[in-house]
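Q: Structure in structure tokens, see below.
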Amino acid sequence: MLDLSYVREHQDEIRQMLKTRAPELNFDDFLRIDTDRRTYLKDLDSLRAEKNKANDQITQLLKEKKDPKPTIASMKSIAQKIDVLESKVGEINEKLNQILLIVPNKPHKSVKSGEDSSKNIQIRQSETPKKPDFELKNHIELGQNLGIFDLVRGSKIAGSAFVVYSGHGARLQRALVNFMLDTHTKDHGYQEFWPPALVNRASMTGTGQLPKFEEDMYRLRDDDLFLIPTAEVPLTNLHRDEVLKEEELPLKYTAYTPCFRREAGSYGKDTKGLVRVHQFDKVELVKFCKPEDSYEEHEKMLKDAEKVLELLKIPYRVMQLCSGDMGFAAAKCYDIEAWAPALGRWLEVSSVSNFEDFQARRANIRFKRKATGKSELVHTLNGSALALPRVVIAILENFQNADGSLLIPEVLRPYMGGLTILRKV
């Protein structure tokens with residue numbers, strides 16, 4: 001959430017930002033409501049001053065043994081006006097808060113302005129993808145031939161865009177999760193958590209999924225709980241309404257969780273195979289840090305996520321997103337994309353975002369400065385490291401052999417019981 005005073009004082013900047021970030025928002029209506037609020041508050045202050053003055057007059061009249069009834073009647077009239085205005089201010093505050101909750105974060109100065117992914121900038125590429133000397137199978141054909149996943153039975157059990165992994169496929173999922181968690185905890189210094197996969201409305205609001213994206217979430221209506229779209233939600237909300245110690249920062253957390261997304265706004269888009277599914281597994285990274293450190297920590301987190309692909313030896317590239325392609329809460333975001341040669345395209349396997357104080361203001365997460373004793377909002381960051389379905393696609397399509405077998409990436413072999421090659425079932 002943006003600070004209201006900042007929005008008020010930087011109207012031209014916010015108006016320009018909304019052109020690419022949220023063109024549907026009526027900023028003039030927001031400013032009008034805010035103007036009405038300030039007018040009512042000014043009137044309230046005036047009435048409260050009158051009430052205090054009347055109280056003093058009544059006290060003085062009683063001391064002088066004079067009749068206070070006319071002044072008491074006047075004070076009651078003022079009190080009634082105050083009640084009416086306080087009610088109006090309460091309603092306006094709620095309106096402003098609801099609008100602020102759907103205003104996206106302002107981009108960092110280094111973010112290029114643009115409406116869509118065509119304006120994204122490639123930062124680097126790990127290597128030039130190799131062209132095999134045989135005809136590649138796509139991940140769907142190869143995965144089903146190897147018997148590692150079943151889209152038909154996934155659809156039968158739950159519906160379209162669900163998948164069942166079995167045998168070596170299930171073990172590959174487990175191997176990837178354990179490899180990623182070991183890398184981030186042992187090599188990168190993150191603390192591992194195993195959080196709930198269900199969270200309450202306050203948690204989803206704190207990280208920015210609600211109220212704007214409620215239609216994309218799976219919700220248990222009887223309990224008003226939500227299946228998490230990412231471990232970012234429970235990990236960030238671990239410290240909701242808390243004041244952290246400066247010397248503890250940065251806090252670096254990681255977790256594996258299943259993730260659930262209805263993808264209500266993407267009907268018919270990337271629906272084949274594992275590219276876009278409703279339930280998937282992911283290892284997530286989250287950081288809490290001081291404002292002055294957040295962009296250095298952002299670059300470090302990006303490197304931590306890249307390291308997974310480097311170790312797997314999957315070709316990848318890093319893209320810096322333009323303003324219109326970034327997530328709602330991000331101030332700056334990098335996407336890491338893995339190469340899928342049979343599909344002939346780059347697939348996003350991670351988004352690494354700096355939210356600055358946007359989430360911390362919504363979730364009320366602060367830290368206390370040792371030098372001043374004052375509390376300030378922390379900066380929060382998160383990154384996928386990594387999302388499994390598209391990593392599986394990249395492994396299948398980059399490590400397949402001409403005979404339809406699959407070479408297991410070397411770094412995963414200890415997690416696969418020493419297995420080096422998967423062959424057709």
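Ligands are numbered from 1 in the order shown, residues from 1 within each chain, and chains are lettered A, B, ... in the order they appear in the structure tokens.
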Can you check which residues of segment 273-424 of chain A DSSP gives as strand (DSSP E) on the backbone and send them as a ChimeraX atom specification?
A: /A:279-289,316-320,332-340,345-354,365-368,375-377,379-387,406-407,421-422
Q: Per residue of segment 154-254 of chain A within 12 Å of segment 319-327 of chain A, what are the shortest atom pair and its distance in Å to one decimal, counting only C-alpha atoms, with rows by chain and residue number, as a tab-separated table?
A:
```
residue	atom	partner	partner_atom	distance
A:Thr207	CA	A:Gly327	CA	11.6
A:Gly208	CA	A:Gly327	CA	9.7
A:Gln209	CA	A:Gly327	CA	10.2
A:Lys212	CA	A:Gly327	CA	11.7
A:Phe213	CA	A:Gly327	CA	11.2
```
Q: How about saving the chosen residues, N, CA and C atoms kept, as a tab-separated table (two decimals), in the first residue's frame?
A:
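Below is the file selection.tsv, written as the result:
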```tsv
chain	number	residue	atom	x	y	z
A	207	THR	N	-0.01	-9.18	1.79
A	207	THR	CA	0.96	-9.31	0.72
A	207	THR	C	0.45	-8.82	-0.63
A	208	GLY	N	-0.81	-8.40	-0.69
A	208	GLY	CA	-1.30	-7.73	-1.89
A	208	GLY	C	-2.15	-8.57	-2.82
A	209	GLN	N	-2.44	-9.83	-2.46
A	209	GLN	CA	-3.31	-10.64	-3.32
A	209	GLN	C	-4.76	-10.18	-3.24
A	212	LYS	N	-7.63	-7.16	-4.80
A	212	LYS	CA	-7.63	-7.04	-6.26
A	212	LYS	C	-7.73	-8.37	-7.00
A	213	PHE	N	-7.10	-9.44	-6.47
A	213	PHE	CA	-7.00	-10.68	-7.24
A	213	PHE	C	-7.79	-11.84	-6.62
```
Q: What is the distance, in Å and to one decimal place, between atom CA of Val425 of chain A and atom CA of Pro129 of chain A?
A: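 Distance between the two atoms: 28.5 Å.
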Q: Looking at only C-alpha atoms, which of A:Arg366, A:Arg174, A:Lys424, A:Arg240 is the one that sits closest to Pro291 of chain A?
A: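 Checking each of A:Arg366, A:Arg174, A:Lys424, A:Arg240 against Pro291 of chain A, counting only C-alpha atoms, the winner is A:Arg366.
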Q: Do a neighbour search on Ala22 of chain A at 9 Å with only C-alpha atoms, toss out local chain neighbours closer than 4 positions, and write the hits as a list in words.
A: Met17, Leu18, Ile102, Val103, Pro104, Gly324 and Phe328 of chain A
